[in-house]
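Asker: Contents of entry.cif (mmCIF, C-alpha atoms; chains and numbers go by the auth columns) are below:
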```cif
data_coords
loop_
_atom_site.group_PDB
_atom_site.id
_atom_site.type_symbol
_atom_site.label_atom_id
_atom_site.label_comp_id
_atom_site.label_asym_id
_atom_site.label_seq_id
_atom_site.Cartn_x
_atom_site.Cartn_y
_atom_site.Cartn_z
_atom_site.B_iso_or_equiv
_atom_site.auth_seq_id
_atom_site.auth_asym_id
ATOM 1 C CA MET A 1 50.036 -42.787 -49.577 0.00 1 Z
ATOM 2 C CA ILE A 2 48.076 -42.103 -52.745 0.00 2 Z
ATOM 3 C CA THR A 3 49.938 -40.495 -55.602 0.00 3 Z
ATOM 4 C CA THR A 4 48.486 -38.502 -58.423 0.00 4 Z
ATOM 5 C CA GLU A 5 49.830 -37.761 -61.870 0.00 5 Z
ATOM 6 C CA ILE A 6 53.112 -35.945 -62.305 0.00 6 Z
ATOM 7 C CA ALA A 7 52.299 -32.327 -61.541 0.00 7 Z
ATOM 8 C CA HIS A 8 55.579 -30.719 -62.512 0.00 8 Z
ATOM 9 C CA GLU A 9 58.961 -31.598 -63.985 0.00 9 Z
ATOM 10 C CA VAL A 10 62.282 -29.853 -63.548 0.00 10 Z
ATOM 11 C CA LYS A 11 65.125 -30.603 -65.939 0.00 11 Z
ATOM 12 C CA LEU A 12 67.981 -30.216 -63.511 0.00 12 Z
ATOM 13 C CA ILE A 13 70.895 -31.408 -65.647 0.00 13 Z
ATOM 14 C CA ASP A 14 71.175 -32.190 -69.326 0.00 14 Z
ATOM 15 C CA GLY A 15 74.412 -32.340 -71.262 0.00 15 Z
ATOM 16 C CA GLU A 16 77.864 -33.778 -71.792 0.00 16 Z
ATOM 17 C CA PHE A 17 80.560 -33.111 -69.245 0.00 17 Z
ATOM 18 C CA THR A 18 84.240 -33.810 -68.765 0.00 18 Z
ATOM 19 C CA PRO A 19 85.070 -36.183 -65.927 0.00 19 Z
ATOM 20 C CA SER A 20 86.106 -33.247 -63.723 0.00 20 Z
ATOM 21 C CA GLU A 21 82.878 -31.376 -64.437 0.00 21 Z
ATOM 22 C CA ALA A 22 80.838 -34.509 -63.789 0.00 22 Z
ATOM 23 C CA LEU A 23 82.686 -35.069 -60.513 0.00 23 Z
ATOM 24 C CA ASP A 24 81.869 -31.516 -59.416 0.00 24 Z
ATOM 25 C CA ILE A 25 78.202 -31.920 -60.373 0.00 25 Z
ATOM 26 C CA ILE A 26 77.708 -35.313 -58.744 0.00 26 Z
ATOM 27 C CA ASN A 27 79.642 -34.437 -55.596 0.00 27 Z
ATOM 28 C CA GLY A 28 77.719 -31.165 -55.301 0.00 28 Z
ATOM 29 C CA LEU A 29 74.341 -32.877 -55.598 0.00 29 Z
ATOM 30 C CA ILE A 30 75.281 -35.610 -53.142 0.00 30 Z
ATOM 31 C CA LYS A 31 76.715 -33.067 -50.698 0.00 31 Z
ATOM 32 C CA GLU A 32 73.482 -31.062 -50.757 0.00 32 Z
ATOM 33 C CA LYS A 33 71.374 -34.171 -50.143 0.00 33 Z
ATOM 34 C CA ILE A 34 73.630 -35.286 -47.283 0.00 34 Z
ATOM 35 C CA ASN A 35 73.389 -31.829 -45.716 0.00 35 Z
ATOM 36 C CA PHE A 36 69.590 -31.908 -46.088 0.00 36 Z
ATOM 37 C CA HIS A 37 69.362 -35.201 -44.208 0.00 37 Z
ATOM 38 C CA LYS A 38 71.821 -34.097 -41.511 0.00 38 Z
ATOM 39 C CA ILE A 39 69.877 -30.882 -40.895 0.00 39 Z
ATOM 40 C CA HIS A 40 66.583 -32.772 -40.910 0.00 40 Z
ATOM 41 C CA ARG A 41 67.958 -35.273 -38.392 0.00 41 Z
ATOM 42 C CA LEU A 42 69.271 -32.462 -36.183 0.00 42 Z
ATOM 43 C CA SER A 43 65.942 -30.614 -36.234 0.00 43 Z
ATOM 44 C CA MET A 44 64.142 -33.818 -35.247 0.00 44 Z
ATOM 45 C CA LEU A 45 66.582 -34.435 -32.384 0.00 45 Z
ATOM 46 C CA GLU A 46 66.181 -30.892 -31.050 0.00 46 Z
ATOM 47 C CA GLY A 47 62.549 -31.628 -30.273 0.00 47 Z
ATOM 48 C CA ASN A 48 63.085 -35.159 -28.990 0.00 48 Z
ATOM 49 C CA VAL A 49 66.493 -36.740 -28.406 0.00 49 Z
ATOM 50 C CA ASN A 50 64.874 -40.187 -28.530 0.00 50 Z
ATOM 51 C CA CYS A 51 63.214 -39.762 -31.927 0.00 51 Z
ATOM 52 C CA ASP A 52 63.768 -42.239 -34.738 0.00 52 Z
ATOM 53 C CA THR A 53 66.348 -40.951 -37.242 0.00 53 Z
ATOM 54 C CA LYS A 54 66.897 -44.278 -39.037 0.00 54 Z
ATOM 55 C CA THR A 55 65.556 -42.983 -42.344 0.00 55 Z
ATOM 56 C CA ASP A 56 67.926 -40.017 -42.445 0.00 56 Z
ATOM 57 C CA ASP A 57 70.847 -42.083 -41.136 0.00 57 Z
ATOM 58 C CA SER A 58 70.241 -44.728 -43.779 0.00 58 Z
ATOM 59 C CA ARG A 59 69.941 -42.161 -46.553 0.00 59 Z
ATOM 60 C CA VAL A 60 73.222 -40.473 -45.558 0.00 60 Z
ATOM 61 C CA SER A 61 74.954 -43.865 -45.650 0.00 61 Z
ATOM 62 C CA GLN A 62 73.470 -44.624 -49.076 0.00 62 Z
ATOM 63 C CA LEU A 63 74.590 -41.260 -50.426 0.00 63 Z
ATOM 64 C CA LEU A 64 78.129 -41.675 -49.089 0.00 64 Z
ATOM 65 C CA LYS A 65 78.308 -45.092 -50.770 0.00 65 Z
ATOM 66 C CA ALA A 66 77.004 -43.607 -54.034 0.00 66 Z
ATOM 67 C CA LYS A 67 79.721 -40.950 -53.824 0.00 67 Z
ATOM 68 C CA GLU A 68 82.404 -43.614 -53.410 0.00 68 Z
ATOM 69 C CA ASP A 69 80.948 -45.727 -56.224 0.00 69 Z
ATOM 70 C CA PHE A 70 81.001 -42.741 -58.554 0.00 70 Z
ATOM 71 C CA LYS A 71 84.703 -42.135 -57.851 0.00 71 Z
ATOM 72 C CA ALA A 72 85.594 -45.461 -59.489 0.00 72 Z
ATOM 73 C CA PHE A 73 83.392 -44.663 -62.485 0.00 73 Z
ATOM 74 C CA TYR A 74 84.995 -41.202 -62.695 0.00 74 Z
ATOM 75 C CA LYS A 75 88.534 -42.592 -62.576 0.00 75 Z
ATOM 76 C CA GLU A 76 87.782 -45.064 -65.358 0.00 76 Z
ATOM 77 C CA ALA A 77 86.290 -42.358 -67.598 0.00 77 Z
ATOM 78 C CA LYS A 78 89.203 -40.019 -66.937 0.00 78 Z
ATOM 79 C CA GLN A 79 91.789 -42.694 -67.769 0.00 79 Z
ATOM 80 C CA GLU A 80 89.974 -43.533 -71.002 0.00 80 Z
ATOM 81 C CA GLY A 81 89.561 -39.871 -71.988 0.00 81 Z
ATOM 82 C CA ARG A 82 85.786 -40.169 -72.112 0.00 82 Z
ATOM 83 C CA LYS A 83 82.997 -37.743 -71.227 0.00 83 Z
ATOM 84 C CA PHE A 84 79.830 -38.185 -69.220 0.00 84 Z
ATOM 85 C CA LYS A 85 76.328 -37.556 -70.475 0.00 85 Z
ATOM 86 C CA ILE A 86 74.217 -36.585 -67.511 0.00 86 Z
ATOM 87 C CA SER A 87 70.450 -36.270 -67.620 0.00 87 Z
ATOM 88 C CA GLY A 88 68.599 -35.389 -64.462 0.00 88 Z
ATOM 89 C CA LEU A 89 64.865 -34.923 -64.485 0.00 89 Z
ATOM 90 C CA LEU A 90 62.953 -34.338 -61.277 0.00 90 Z
ATOM 91 C CA GLU A 91 59.359 -35.486 -61.366 0.00 91 Z
ATOM 92 C CA LEU A 92 57.101 -33.927 -58.766 0.00 92 Z
ATOM 93 C CA GLU A 93 53.824 -35.541 -57.778 0.00 93 Z
ATOM 94 C CA LEU A 94 51.205 -34.385 -55.328 0.00 94 Z
ATOM 95 C CA VAL A 95 50.432 -36.993 -52.681 0.00 95 Z
ATOM 96 C CA ASP A 96 47.721 -37.306 -50.051 0.00 96 Z
#
```
The structure in this file should be written as structure tokens.
Answerer:
Amino acid sequence: MITTEIAHEVKLIDGEFTPSEALDIINGLIKEKINFHKIHRLSMLEGNVNCDTKTDDSRVSQLLKAKEDFKAFYKEAKQEGRKFKISGLLELELVD
């Protein structure tokens, strides 16, 4: 796979958020990514029940772990009365 220069950027998130707001944002993003991988896996299986879904399975597991890891971070911030600064920049590259 050959990558080229960054073709486009999308500033998805940028700001300070309360712990509850941050929880909603992070959980929402993770939920969408999990759903993407589940739908992708299902569409692959519809065509061939023996196809390899390891990549999607692995990614779902990673995302579920990230969700659990964030809960501890969230609880700590909430107890300490702190906010989250979240910056999310998507960098899109064209690949061959």
Asker: Could you tell me, as JSON, numbers by chain, which residues have any atom at most 10 Å from (86.2, -39.6, -69.4), counting only C-alpha atoms?
Answerer: {"Z": [17, 18, 19, 20, 22, 73, 74, 75, 76, 77, 78, 79, 80, 81, 82, 83, 84]}
Asker: To one decimal place, how far is CA of Glu32 (chain Z) from CA of Lys67 (chain Z) in Å?
Answerer: 12.1 Å
Asker: CA of Arg41 (chain Z) and CA of Leu23 (chain Z), how far apart in Å?
Answerer: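 Atom-to-atom, CA of Leu23 (chain Z) and CA of Arg41 (chain Z) are spaced 26.6 Å apart.
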Asker: If I wrap all listed atoms of region 8-16 of chain Z in a box with edges along x, y and z and add 3 Å on each side, what are its centre and edge lengths in Å to one decimal, as JSON?
Answerer:
```
{"center_x": 66.7, "center_y": -31.8, "center_z": -67.2, "size_x": 28.3, "size_y": 9.9, "size_z": 15.3}
```
Asker: Could you tell me, as a PyMOL selection string, exactly which residues end up selected when the PyMOL selection byres ((chain Z and resi 12) around 9) is applied to this structure?
Answerer: chain Z and resi 10-11+13-14+87-90
Asker: To one decimal place, how far is CA of Leu92 (chain Z) from CA of Glu5 (chain Z) in Å?
Answerer: 8.8 Å
Asker: Name the residues that the PyMOL selection byres ((chain Z and resi 64) around 12) pulls out of this structure, and write them as a count of residues only.
Answerer: 24
Asker: Taking the file as shown, find all residues satisfying the PyMOL selection byres ((chain Z and resi 53) around 12) and write them as a ChimeraX atom specification.
Answerer: /Z:37-46,48-52,54-60
Asker: Looking at all atoms listed in the file, which of Z:Glu91, Z:Asp96, Z:Glu21, Z:Gly47 is the one that sits closest to His8 (chain Z)?
Answerer: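 Of Z:Glu91, Z:Asp96, Z:Glu21, Z:Gly47, the one nearest His8 (chain Z) is Z:Glu91, counting all atoms listed in the file.
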Asker: Reconstruct region 2-21 of chain Z at the level of N, CA and C atoms, and format the result as an mmCIF file, in the coordinates of the input.
Answerer:
```
data_model
loop_
_atom_site.group_PDB
_atom_site.id
_atom_site.type_symbol
_atom_site.label_atom_id
_atom_site.label_comp_id
_atom_site.auth_asym_id
_atom_site.auth_seq_id
_atom_site.Cartn_x
_atom_site.Cartn_y
_atom_site.Cartn_z
ATOM 1 N N ILE Z 2 48.649 -42.066 -51.406
ATOM 2 C CA ILE Z 2 48.076 -42.103 -52.745
ATOM 3 C C ILE Z 2 48.761 -41.044 -53.589
ATOM 4 N N THR Z 3 49.288 -41.463 -54.730
ATOM 5 C CA THR Z 3 49.938 -40.495 -55.602
ATOM 6 C C THR Z 3 48.997 -40.116 -56.732
ATOM 7 N N THR Z 4 49.243 -38.962 -57.269
ATOM 8 C CA THR Z 4 48.486 -38.502 -58.423
ATOM 9 C C THR Z 4 49.433 -38.424 -59.604
ATOM 10 N N GLU Z 5 48.987 -37.885 -60.694
ATOM 11 C CA GLU Z 5 49.830 -37.761 -61.870
ATOM 12 C C GLU Z 5 50.968 -36.781 -61.604
ATOM 13 N N ILE Z 6 51.977 -36.857 -62.442
ATOM 14 C CA ILE Z 6 53.112 -35.945 -62.305
ATOM 15 C C ILE Z 6 52.604 -34.525 -62.518
ATOM 16 N N ALA Z 7 52.821 -33.687 -61.521
ATOM 17 C CA ALA Z 7 52.299 -32.327 -61.541
ATOM 18 C C ALA Z 7 53.287 -31.338 -62.139
ATOM 19 N N HIS Z 8 54.567 -31.658 -62.040
ATOM 20 C CA HIS Z 8 55.579 -30.719 -62.512
ATOM 21 C C HIS Z 8 56.882 -31.470 -62.749
ATOM 22 N N GLU Z 9 57.638 -31.028 -63.717
ATOM 23 C CA GLU Z 9 58.961 -31.598 -63.985
ATOM 24 C C GLU Z 9 59.990 -30.479 -64.017
ATOM 25 N N VAL Z 10 61.174 -30.792 -63.525
ATOM 26 C CA VAL Z 10 62.282 -29.853 -63.548
ATOM 27 C C VAL Z 10 63.466 -30.555 -64.187
ATOM 28 N N LYS Z 11 63.930 -30.045 -65.317
ATOM 29 C CA LYS Z 11 65.125 -30.603 -65.939
ATOM 30 C C LYS Z 11 66.313 -29.962 -65.239
ATOM 31 N N LEU Z 12 66.916 -30.733 -64.368
ATOM 32 C CA LEU Z 12 67.981 -30.216 -63.511
ATOM 33 C C LEU Z 12 69.331 -30.200 -64.228
ATOM 34 N N ILE Z 13 69.618 -31.268 -64.950
ATOM 35 C CA ILE Z 13 70.895 -31.408 -65.647
ATOM 36 C C ILE Z 13 70.631 -32.058 -66.986
ATOM 37 N N ASP Z 14 71.310 -31.570 -68.012
ATOM 38 C CA ASP Z 14 71.175 -32.190 -69.326
ATOM 39 C C ASP Z 14 72.354 -31.763 -70.190
ATOM 40 N N GLY Z 15 73.284 -32.674 -70.406
ATOM 41 C CA GLY Z 15 74.412 -32.340 -71.262
ATOM 42 C C GLY Z 15 75.564 -33.302 -71.120
ATOM 43 N N GLU Z 16 76.628 -33.001 -71.870
ATOM 44 C CA GLU Z 16 77.864 -33.778 -71.792
ATOM 45 C C GLU Z 16 78.880 -32.994 -70.982
ATOM 46 N N PHE Z 17 79.624 -33.742 -70.165
ATOM 47 C CA PHE Z 17 80.560 -33.111 -69.245
ATOM 48 C C PHE Z 17 81.869 -33.878 -69.196
ATOM 49 N N THR Z 18 82.949 -33.160 -68.986
ATOM 50 C CA THR Z 18 84.240 -33.810 -68.765
ATOM 51 C C THR Z 18 84.166 -34.561 -67.433
ATOM 52 N N PRO Z 19 85.082 -35.485 -67.220
ATOM 53 C CA PRO Z 19 85.070 -36.183 -65.927
ATOM 54 C C PRO Z 19 85.163 -35.229 -64.728
ATOM 55 N N SER Z 20 85.979 -34.199 -64.837
ATOM 56 C CA SER Z 20 86.106 -33.247 -63.723
ATOM 57 C C SER Z 20 84.816 -32.481 -63.487
ATOM 58 N N GLU Z 21 84.158 -32.068 -64.567
ATOM 59 C CA GLU Z 21 82.878 -31.376 -64.437
ATOM 60 C C GLU Z 21 81.828 -32.300 -63.831
#
```
